[in-house]
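Pasting target26.cif here (mmCIF, C-alpha atoms):
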```
data_run
#
loop_
_atom_site.label_atom_id
_atom_site.label_comp_id
_atom_site.auth_asym_id
_atom_site.auth_seq_id
_atom_site.Cartn_x
_atom_site.Cartn_y
_atom_site.Cartn_z
CA MET F 1 13.83 55.05 6.99
CA THR F 2 13.26 51.91 9.04
CA ASP F 3 10.49 49.33 8.61
CA SER F 4 11.07 49.22 4.85
CA ASP F 5 10.49 45.91 3.11
CA ALA F 6 10.86 44.64 -0.44
CA ASP F 7 7.41 45.73 -1.58
CA LEU F 8 7.69 49.26 -0.20
CA THR F 9 11.23 49.70 -1.54
CA LEU F 10 10.22 48.65 -5.04
CA GLU F 11 7.06 50.75 -4.92
CA TRP F 12 8.96 53.91 -4.03
CA ALA F 13 11.61 53.24 -6.67
CA ARG F 14 9.12 52.64 -9.47
CA ARG F 15 6.90 55.57 -8.54
CA ALA F 16 9.88 57.93 -8.23
CA GLU F 17 11.07 56.81 -11.66
CA ALA F 18 7.67 57.66 -13.16
CA GLY F 19 7.20 60.80 -11.09
CA PRO F 20 8.85 64.22 -10.82
CA PHE F 21 12.03 63.03 -9.09
CA THR F 22 15.55 62.67 -10.46
CA SER F 23 17.32 60.60 -7.80
CA LEU F 24 16.81 57.87 -5.20
CA GLY F 25 18.93 58.14 -2.06
CA VAL F 26 19.80 55.73 0.77
CA PHE F 27 21.78 56.08 3.99
CA ASP F 28 24.21 53.74 5.76
CA ARG F 29 24.22 52.28 9.26
CA VAL F 30 25.45 48.97 10.67
CA THR F 31 24.03 48.85 14.20
CA TYR F 32 20.54 49.97 13.24
CA ASP F 33 17.32 48.49 11.87
CA SER F 34 18.04 49.56 8.30
CA LEU F 35 18.75 47.87 4.99
CA ASP F 36 22.23 47.72 3.45
CA PRO F 37 22.55 50.69 1.06
CA MET F 38 24.30 48.92 -1.80
CA GLY F 39 21.85 46.04 -1.67
CA VAL F 40 18.88 48.42 -1.76
CA LEU F 41 20.25 50.31 -4.75
CA ALA F 42 20.95 47.05 -6.58
CA VAL F 43 17.26 46.18 -6.25
CA CYS F 44 16.30 49.69 -7.36
CA ALA F 45 18.63 49.43 -10.35
CA GLY F 46 16.69 46.43 -11.60
CA ALA F 47 13.35 48.18 -11.12
CA THR F 48 14.25 51.47 -12.85
CA GLU F 49 15.93 52.73 -16.01
CA ASP F 50 16.66 56.43 -15.74
CA ILE F 51 16.59 57.76 -12.18
CA ARG F 52 19.91 58.47 -10.44
CA LEU F 53 20.87 56.09 -7.59
CA ALA F 54 22.77 57.70 -4.71
CA THR F 55 24.26 56.86 -1.33
CA SER F 56 23.92 59.64 1.21
CA ILE F 57 26.21 58.52 2.59
CA VAL F 58 28.20 55.28 2.84
CA ALA F 59 30.76 55.31 5.66
CA GLY F 60 33.84 54.39 3.67
CA PRO F 61 36.26 53.36 6.46
CA LEU F 62 33.82 50.72 7.69
CA ARG F 63 34.63 48.74 4.55
CA SER F 64 37.56 47.22 2.76
CA THR F 65 38.55 49.55 -0.06
CA ALA F 66 38.81 46.73 -2.58
CA MET F 67 35.35 45.38 -1.73
CA LEU F 68 33.84 48.87 -1.75
CA ALA F 69 35.36 49.51 -5.16
CA LYS F 70 34.02 46.22 -6.51
CA LYS F 71 30.51 46.69 -5.12
CA ALA F 72 30.30 50.25 -6.41
CA ALA F 73 31.57 49.23 -9.85
CA THR F 74 29.11 46.33 -9.93
CA LEU F 75 26.23 48.64 -9.05
CA ASP F 76 27.37 51.12 -11.69
CA VAL F 77 27.28 48.32 -14.28
CA LEU F 78 23.88 47.02 -13.13
CA SER F 79 22.41 50.52 -13.26
CA ASP F 80 24.07 51.34 -16.60
CA GLY F 81 26.11 54.18 -15.12
CA ARG F 82 23.57 55.75 -12.78
CA LEU F 83 25.43 55.47 -9.47
CA THR F 84 26.39 58.51 -7.41
CA LEU F 85 28.57 57.27 -4.57
CA GLY F 86 28.42 59.59 -1.57
CA LEU F 87 31.12 58.74 0.97
CA ALA F 88 32.05 60.11 4.38
CA LEU F 89 33.71 59.03 7.62
CA GLY F 90 30.60 58.07 9.57
CA ALA F 91 30.33 59.41 13.11
CA ARG F 92 28.87 56.41 15.00
CA LYS F 93 31.42 54.65 17.17
CA ASP F 94 29.11 51.65 17.61
CA ASP F 95 29.21 51.00 13.85
CA TYR F 96 33.01 50.89 13.95
CA GLU F 97 33.01 48.63 16.99
CA ALA F 98 30.55 46.26 15.31
CA VAL F 99 32.83 45.67 12.31
CA GLY F 100 36.07 45.73 14.30
CA ALA F 101 37.41 48.91 12.69
CA ASP F 102 39.50 51.56 14.42
CA TYR F 103 37.40 54.69 15.01
CA ARG F 104 40.27 57.03 15.87
CA GLY F 105 42.29 56.35 12.73
CA ARG F 106 39.40 56.59 10.32
CA GLY F 107 40.37 59.99 8.86
CA GLY F 108 43.72 58.86 7.51
CA ARG F 109 42.26 55.60 6.22
CA PHE F 110 39.48 57.47 4.46
CA THR F 111 41.88 59.77 2.60
CA LYS F 112 43.92 56.78 1.46
CA GLN F 113 40.73 54.96 0.49
CA LEU F 114 39.58 57.80 -1.76
CA ASP F 115 42.91 57.71 -3.58
CA GLN F 116 42.79 53.93 -4.01
CA LEU F 117 39.21 53.79 -5.26
CA ARG F 118 40.12 55.59 -8.46
CA GLU F 119 43.08 53.27 -8.94
CA TYR F 120 40.84 50.21 -8.67
CA TRP F 121 38.21 51.63 -11.03
CA GLU F 122 40.74 52.69 -13.64
CA GLY F 123 42.92 49.57 -13.35
CA ASP F 124 42.40 45.94 -14.23
CA GLU F 125 43.26 44.29 -10.91
CA ILE F 126 39.66 44.20 -9.69
CA GLY F 127 36.64 44.22 -11.99
CA PRO F 128 34.19 45.00 -13.33
CA SER F 129 35.03 48.19 -15.16
CA PRO F 130 32.47 50.86 -14.23
CA VAL F 131 30.24 52.24 -16.97
CA GLN F 132 31.08 55.82 -15.95
CA GLU F 133 34.55 56.73 -17.12
CA GLY F 134 36.94 56.83 -14.18
CA GLY F 135 34.35 55.28 -11.89
CA PRO F 136 31.02 56.29 -10.37
CA GLU F 137 30.35 59.94 -9.63
CA LEU F 138 32.02 60.44 -6.24
CA LEU F 139 30.67 62.85 -3.64
CA ILE F 140 32.38 63.45 -0.30
CA GLY F 141 30.50 64.43 2.83
CA GLY F 142 31.43 65.97 6.16
CA SER F 143 32.00 69.41 7.65
CA SER F 144 35.65 69.45 8.77
CA ASP F 145 38.53 71.19 7.01
CA PRO F 146 39.97 67.83 5.80
CA THR F 147 36.57 67.08 4.23
CA PHE F 148 36.78 70.03 1.88
CA LYS F 149 40.38 69.25 1.00
CA ARG F 150 39.25 65.74 0.05
CA VAL F 151 36.50 67.20 -2.12
CA GLY F 152 39.04 69.32 -3.99
CA ARG F 153 41.50 66.51 -4.48
CA TYR F 154 39.44 63.34 -4.92
CA GLY F 155 35.75 64.10 -5.40
CA ASP F 156 33.41 65.05 -8.19
CA GLY F 157 31.43 67.05 -5.67
CA TYR F 158 30.24 67.59 -2.12
CA ILE F 159 27.24 66.16 -0.25
CA HIS F 160 25.95 68.11 2.73
CA GLY F 161 24.85 66.46 5.96
CA GLY F 162 21.51 68.24 6.32
CA GLY F 163 20.09 71.32 8.00
CA PRO F 164 18.63 74.62 6.79
CA PRO F 165 19.70 76.19 3.49
CA ARG F 166 21.98 78.68 5.25
CA ALA F 167 23.99 75.80 6.75
CA PHE F 168 24.29 74.23 3.31
CA ALA F 169 25.42 77.54 1.81
CA LYS F 170 28.24 77.91 4.33
CA ASP F 171 29.70 74.46 3.67
CA ALA F 172 29.06 74.63 -0.07
CA GLU F 173 31.23 77.75 -0.26
CA LYS F 174 34.04 75.92 1.56
CA ALA F 175 33.75 73.07 -0.94
CA ARG F 176 33.95 75.49 -3.88
CA SER F 177 36.98 77.24 -2.37
CA ALA F 178 38.84 73.96 -1.83
CA TRP F 179 37.95 72.94 -5.38
CA ASN F 180 39.28 76.18 -6.84
CA GLU F 181 42.45 76.02 -4.74
CA THR F 182 43.40 72.77 -6.46
CA GLY F 183 43.02 74.45 -9.84
CA ARG F 184 40.14 72.28 -11.01
CA PRO F 185 37.87 73.73 -13.71
CA GLU F 186 34.22 74.72 -13.31
CA ASN F 187 32.61 73.89 -9.94
CA PRO F 188 31.96 70.79 -7.81
CA THR F 189 28.55 69.16 -7.93
CA LEU F 190 26.62 70.04 -4.76
CA TRP F 191 24.05 67.78 -3.10
CA GLY F 192 21.96 68.22 0.03
CA HIS F 193 19.28 66.39 1.99
CA GLY F 194 16.38 66.93 4.36
CA TYR F 195 13.74 64.94 6.26
CA PHE F 196 9.97 65.05 6.01
CA ALA F 197 6.84 63.61 7.64
CA LEU F 198 3.56 64.79 6.15
CA GLY F 199 0.11 64.19 7.56
CA ASP F 200 -1.68 64.31 10.90
CA ASP F 201 -0.14 64.97 14.30
CA GLU F 202 0.43 61.29 14.99
CA THR F 203 2.36 60.84 11.74
CA ILE F 204 4.47 63.90 12.43
CA GLU F 205 5.26 62.70 15.94
CA ARG F 206 6.35 59.33 14.55
CA GLY F 207 8.71 61.17 12.23
CA ARG F 208 10.12 63.22 15.09
CA GLU F 209 10.63 60.11 17.23
CA TYR F 210 12.50 58.46 14.37
CA LEU F 211 14.95 61.36 14.10
CA LEU F 212 15.42 61.52 17.87
CA ASP F 213 16.24 57.81 17.87
CA TYR F 214 18.46 57.88 14.79
CA TYR F 215 20.48 60.85 16.05
CA GLU F 216 20.45 59.88 19.72
CA PHE F 217 24.24 59.59 19.65
CA THR F 218 24.49 63.40 19.16
CA GLY F 219 22.92 64.07 22.57
CA PRO F 220 20.87 67.29 22.86
CA PHE F 221 21.62 68.14 19.20
CA ALA F 222 19.10 65.46 18.20
CA GLU F 223 16.33 67.84 19.29
CA ARG F 224 17.57 70.47 16.86
CA ILE F 225 17.60 67.96 14.03
CA ALA F 226 14.05 66.88 14.88
CA GLU F 227 12.94 70.52 14.93
CA GLY F 228 14.04 70.77 11.30
CA LEU F 229 11.61 68.05 10.20
CA LEU F 230 9.51 69.26 7.25
CA THR F 231 5.86 68.73 8.14
CA THR F 232 3.81 70.97 5.81
CA PRO F 233 3.73 71.67 2.07
CA GLN F 234 4.85 75.23 2.75
CA GLU F 235 7.90 74.05 4.67
CA VAL F 236 8.86 71.63 1.91
CA VAL F 237 8.54 74.32 -0.77
CA GLN F 238 10.56 76.85 1.25
CA PHE F 239 13.23 74.25 1.98
CA VAL F 240 13.59 73.23 -1.66
CA ARG F 241 13.59 76.84 -2.83
CA GLY F 242 16.21 77.77 -0.24
CA TYR F 243 18.56 75.01 -1.34
CA GLU F 244 18.09 75.85 -4.99
CA GLU F 245 18.86 79.52 -4.36
CA GLU F 246 22.07 78.52 -2.56
CA GLY F 247 23.30 76.55 -5.56
CA CYS F 248 22.30 72.99 -4.66
CA ASP F 249 22.33 70.76 -7.74
CA GLU F 250 20.44 67.79 -6.25
CA LEU F 251 18.35 67.57 -3.09
CA ILE F 252 17.32 64.29 -1.47
CA LEU F 253 14.23 64.36 0.76
CA PHE F 254 14.16 61.38 3.12
CA PRO F 255 10.84 60.16 4.57
CA THR F 256 10.89 59.49 8.31
CA VAL F 257 7.74 57.37 8.18
CA ALA F 258 7.73 54.20 6.07
CA GLU F 259 4.36 54.46 4.35
CA SER F 260 3.20 54.77 0.74
CA GLU F 261 1.14 57.81 1.68
CA GLN F 262 4.32 59.74 2.41
CA TYR F 263 5.42 59.34 -1.20
CA GLU F 264 2.01 60.44 -2.46
CA ARG F 265 2.01 63.57 -0.32
CA LEU F 266 5.55 64.55 -1.36
CA GLU F 267 4.84 63.93 -5.04
CA GLU F 268 1.75 66.14 -4.86
CA ILE F 269 3.76 68.95 -3.29
CA ILE F 270 6.52 68.76 -5.89
CA GLU F 271 4.12 68.52 -8.82
CA ASN F 272 1.64 71.16 -7.62
CA GLU F 273 2.85 73.35 -4.75
CA TRP F 274 6.45 73.60 -6.00
CA SER F 275 5.50 74.25 -9.61
CA ASN F 276 2.86 76.79 -8.64
CA ALA F 277 5.29 78.60 -6.35
CA TRP F 278 7.30 79.61 -9.43
CA LEU F 279 4.41 80.69 -11.63
#
```

Serialized structure, C-alpha cells:
Amino acid sequence: MTDSDADLTLEWARRAEAGPFTSLGVFDRVTYDSLDPMGVLAVCAGATEDIRLATSIVAGPLRSTAMLAKKAATLDVLSDGRLTLGLALGARKDDYEAVGADYRGRGGRFTKQLDQLREYWEGDEIGPSPVQEGGPELLIGGSSDPTFKRVGRYGDGYIHGGGPPRAFAKDAEKARSAWNETGRPENPTLWGHGYFALGDDETIERGREYLLDYYEFTGPFAERIAEGLLTTPQEVVQFVRGYEEEGCDELILFPTVAESEQYERLEEIIENEWSNAWL
C-alpha cells in the first residue's frame, strides 16, 4: 500500500491489535513509493503487544545476509518474539539494479543465505540473540521447484504469492511434499495473501489501478491480478473460506487504498459477515 504515513501506519497497527486480526503484514520493494518493511514493523512492534508481525515478503538476496540477520533478530527482540520473516527471491530486476546486486545469480545466493541466517541467529558472532529459539519463524515464498526444496530444508513454513484458493492449494501441496521428503515431523506452516478495495466504484478503481501499477513488470498478467481484487463482503468471505478449507494457517489481506475506511470495512466483514457465514 502506497501513500501510507506514520499516523495511518500506527492507526492500522493499533486497531488490528484490538480487533479480530492475528497478524500485520508488509511487503518489500526498493524502486517503489513504499516504506521499508523492517522499519514499518519496528514501529508496529512499539505500538502493539500481541499481534504477529510478518514480512510478505522480503527479497533476501537484495540484502547482506549478516545485516538481514541482525535486523531480523533486532525486530524479534523489540517485538518480544513476534516476528515471522517471510523471504523470497524477489522478481523485480529494477530492485536488483538499484542496489547493485546480480539478478541472475540470486537463486544460489538465496539458498546460501537461508543456511547462513540460522548460523547467525544461533551463534554469537552477530547479536542480538533472537527471542524465538533458533531465530524468527522463517517462511519461504515462491513457486519454483527450488522454492519447495528450500521450504523443506530451511524453512518453518511456506508463504504463497497470492491468487485464488485453488492456486494456493496446488503450491501448498508441493510445500508439504518437499517437507515430508526431508523427513521433518508434522507439517509446514502455510500462509497466503490477497488484496482488497471496499467501497464505491471510484475506490475500487483506485485499488485496481494500484495493482496494475505495482505488477506492471508482469505485463498482461497484471490484468489477471487486478481481476482478483476483492471488492465486496461476499468476495472477502468466499476468499477467506476458500483458503481456510485448503489448509491455510494465516491469511494476510492487503488494502490497495490507503484510507482508514478500508480498515473499518474489512473489520466489519470479519466480525460480522465472516462469523455469520459459519453460524

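For the structure shown here, the set of residues caught by the PyMOL selection byres ((chain F and resi 107) around 12) is Ala59, Gly60, Pro61, Leu62, Ala88, Leu89, Gly90, Ala91, Asp102, Tyr103, Arg104, Gly105, Arg106, Gly108, Arg109, Phe110, Thr111, Lys112, Gln113, Leu114, Gly142, Ser144, Asp145, Pro146, Thr147 and Arg150 of chain F.
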
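Atom pair atom CA of Asp249 of chain F / atom CA of Gly194 of chain F: separated by 14.0 Å.
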
Distance of atom CA of Glu216 of chain F from atom CA of Phe196 of chain F, expressed in Å to one decimal place: 18.0 Å

Starting from the displayed file, determine the output of the PyMOL selection byres ((chain F and resi 95) around 8) and express the residue list as a ChimeraX atom specification. /F:29-31,62,92-94,96-99

Closest of F:Gln132, F:Thr84, F:Thr232, F:Thr256 to Thr55 of chain F - atom-to-atom distances counting all atoms listed in the file: F:Thr84

Enumerate, as a count of residues only, the protein, DNA and RNA residues whose atoms approach (24.1, 67.5, -0.8) to within 6 Å, taking into account only C-alpha atoms and the coordinate frame of the file. 6

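Here the PyMOL selection byres ((chain F and resi 187) around 10) captures the residues Gly152, Asp156, Gly157, Ala175, Arg176, Ser177, Trp179, Asn180, Arg184, Pro185, Glu186, Pro188, Thr189 and Leu190 of chain F.
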
Would you mind putting back all heavy atoms on segment 161-172 of chain F, then writing it out as a PDB file, keeping the file's coordinate frame?
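Okay, part-v7.pdb is ready:
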```
ATOM      1  N   GLY F 161      25.441  67.352   4.963  1.00  0.00           N
ATOM      2  CA  GLY F 161      24.850  66.460   5.960  1.00  0.00           C
ATOM      3  C   GLY F 161      23.475  66.828   6.460  1.00  0.00           C
ATOM      4  O   GLY F 161      22.959  66.176   7.364  1.00  0.00           O
ATOM      5  N   GLY F 162      22.853  67.871   5.914  1.00  0.00           N
ATOM      6  CA  GLY F 162      21.510  68.240   6.320  1.00  0.00           C
ATOM      7  C   GLY F 162      21.469  69.525   7.114  1.00  0.00           C
ATOM      8  O   GLY F 162      22.493  70.034   7.568  1.00  0.00           O
ATOM      9  N   GLY F 163      20.265  70.056   7.300  1.00  0.00           N
ATOM     10  CA  GLY F 163      20.090  71.320   8.000  1.00  0.00           C
ATOM     11  C   GLY F 163      19.468  72.357   7.092  1.00  0.00           C
ATOM     12  O   GLY F 163      19.157  72.085   5.928  1.00  0.00           O
ATOM     13  N   PRO F 164      19.265  73.567   7.592  1.00  0.00           N
ATOM     14  CA  PRO F 164      18.630  74.620   6.790  1.00  0.00           C
ATOM     15  C   PRO F 164      19.507  75.061   5.640  1.00  0.00           C
ATOM     16  O   PRO F 164      20.728  74.823   5.637  1.00  0.00           O
ATOM     17  CB  PRO F 164      18.429  75.750   7.816  1.00  0.00           C
ATOM     18  CG  PRO F 164      19.484  75.511   8.846  1.00  0.00           C
ATOM     19  CD  PRO F 164      19.611  74.022   8.947  1.00  0.00           C
ATOM     20  N   PRO F 165      18.928  75.737   4.647  1.00  0.00           N
ATOM     21  CA  PRO F 165      19.700  76.190   3.490  1.00  0.00           C
ATOM     22  C   PRO F 165      20.925  77.026   3.845  1.00  0.00           C
ATOM     23  O   PRO F 165      21.951  76.931   3.181  1.00  0.00           O
ATOM     24  CB  PRO F 165      18.684  76.996   2.678  1.00  0.00           C
ATOM     25  CG  PRO F 165      17.369  76.377   3.024  1.00  0.00           C
ATOM     26  CD  PRO F 165      17.485  75.992   4.465  1.00  0.00           C
ATOM     27  N   ARG F 166      20.836  77.843   4.892  1.00  0.00           N
ATOM     28  CA  ARG F 166      21.980  78.680   5.250  1.00  0.00           C
ATOM     29  C   ARG F 166      23.175  77.833   5.700  1.00  0.00           C
ATOM     30  O   ARG F 166      24.333  78.209   5.466  1.00  0.00           O
ATOM     31  CB  ARG F 166      21.596  79.675   6.347  1.00  0.00           C
ATOM     32  CG  ARG F 166      21.200  79.048   7.675  1.00  0.00           C
ATOM     33  CD  ARG F 166      20.847  80.108   8.707  1.00  0.00           C
ATOM     34  NE  ARG F 166      20.469  79.523   9.985  1.00  0.00           N
ATOM     35  CZ  ARG F 166      19.249  79.092  10.275  1.00  0.00           C
ATOM     36  NH1 ARG F 166      18.288  79.198   9.359  1.00  0.00           N
ATOM     37  NH2 ARG F 166      18.987  78.581  11.458  1.00  0.00           N
ATOM     38  N   ALA F 167      22.897  76.688   6.353  1.00  0.00           N
ATOM     39  CA  ALA F 167      23.990  75.800   6.750  1.00  0.00           C
ATOM     40  C   ALA F 167      24.619  75.158   5.523  1.00  0.00           C
ATOM     41  O   ALA F 167      25.848  75.009   5.440  1.00  0.00           O
ATOM     42  CB  ALA F 167      23.465  74.724   7.703  1.00  0.00           C
ATOM     43  N   PHE F 168      23.777  74.770   4.566  1.00  0.00           N
ATOM     44  CA  PHE F 168      24.290  74.230   3.310  1.00  0.00           C
ATOM     45  C   PHE F 168      25.161  75.249   2.597  1.00  0.00           C
ATOM     46  O   PHE F 168      26.247  74.920   2.097  1.00  0.00           O
ATOM     47  CB  PHE F 168      23.126  73.814   2.407  1.00  0.00           C
ATOM     48  CG  PHE F 168      23.529  73.562   0.979  1.00  0.00           C
ATOM     49  CD1 PHE F 168      24.096  72.362   0.606  1.00  0.00           C
ATOM     50  CD2 PHE F 168      23.356  74.550   0.007  1.00  0.00           C
ATOM     51  CE1 PHE F 168      24.490  72.126  -0.712  1.00  0.00           C
ATOM     52  CE2 PHE F 168      23.735  74.328  -1.303  1.00  0.00           C
ATOM     53  CZ  PHE F 168      24.300  73.111  -1.664  1.00  0.00           C
ATOM     54  N   ALA F 169      24.700  76.496   2.538  1.00  0.00           N
ATOM     55  CA  ALA F 169      25.420  77.540   1.810  1.00  0.00           C
ATOM     56  C   ALA F 169      26.824  77.740   2.370  1.00  0.00           C
ATOM     57  O   ALA F 169      27.790  77.915   1.611  1.00  0.00           O
ATOM     58  CB  ALA F 169      24.638  78.852   1.868  1.00  0.00           C
ATOM     59  N   LYS F 170      26.945  77.707   3.681  1.00  0.00           N
ATOM     60  CA  LYS F 170      28.240  77.910   4.330  1.00  0.00           C
ATOM     61  C   LYS F 170      29.231  76.827   3.938  1.00  0.00           C
ATOM     62  O   LYS F 170      30.379  77.107   3.571  1.00  0.00           O
ATOM     63  CB  LYS F 170      28.052  77.932   5.843  1.00  0.00           C
ATOM     64  CG  LYS F 170      29.325  78.161   6.624  1.00  0.00           C
ATOM     65  CD  LYS F 170      29.036  78.180   8.120  1.00  0.00           C
ATOM     66  CE  LYS F 170      30.316  78.369   8.928  1.00  0.00           C
ATOM     67  NZ  LYS F 170      30.033  78.374  10.393  1.00  0.00           N
ATOM     68  N   ASP F 171      28.795  75.563   4.001  1.00  0.00           N
ATOM     69  CA  ASP F 171      29.700  74.460   3.670  1.00  0.00           C
ATOM     70  C   ASP F 171      29.923  74.343   2.165  1.00  0.00           C
ATOM     71  O   ASP F 171      31.002  73.947   1.723  1.00  0.00           O
ATOM     72  CB  ASP F 171      29.149  73.152   4.228  1.00  0.00           C
ATOM     73  CG  ASP F 171      29.350  73.049   5.731  1.00  0.00           C
ATOM     74  OD1 ASP F 171      30.150  73.833   6.278  1.00  0.00           O
ATOM     75  OD2 ASP F 171      28.704  72.196   6.369  1.00  0.00           O
ATOM     76  N   ALA F 172      28.902  74.679   1.378  1.00  0.00           N
ATOM     77  CA  ALA F 172      29.060  74.630  -0.070  1.00  0.00           C
ATOM     78  C   ALA F 172      30.146  75.597  -0.532  1.00  0.00           C
ATOM     79  O   ALA F 172      30.927  75.294  -1.445  1.00  0.00           O
ATOM     80  CB  ALA F 172      27.736  74.942  -0.766  1.00  0.00           C
TER      81      ALA F 172
END
```
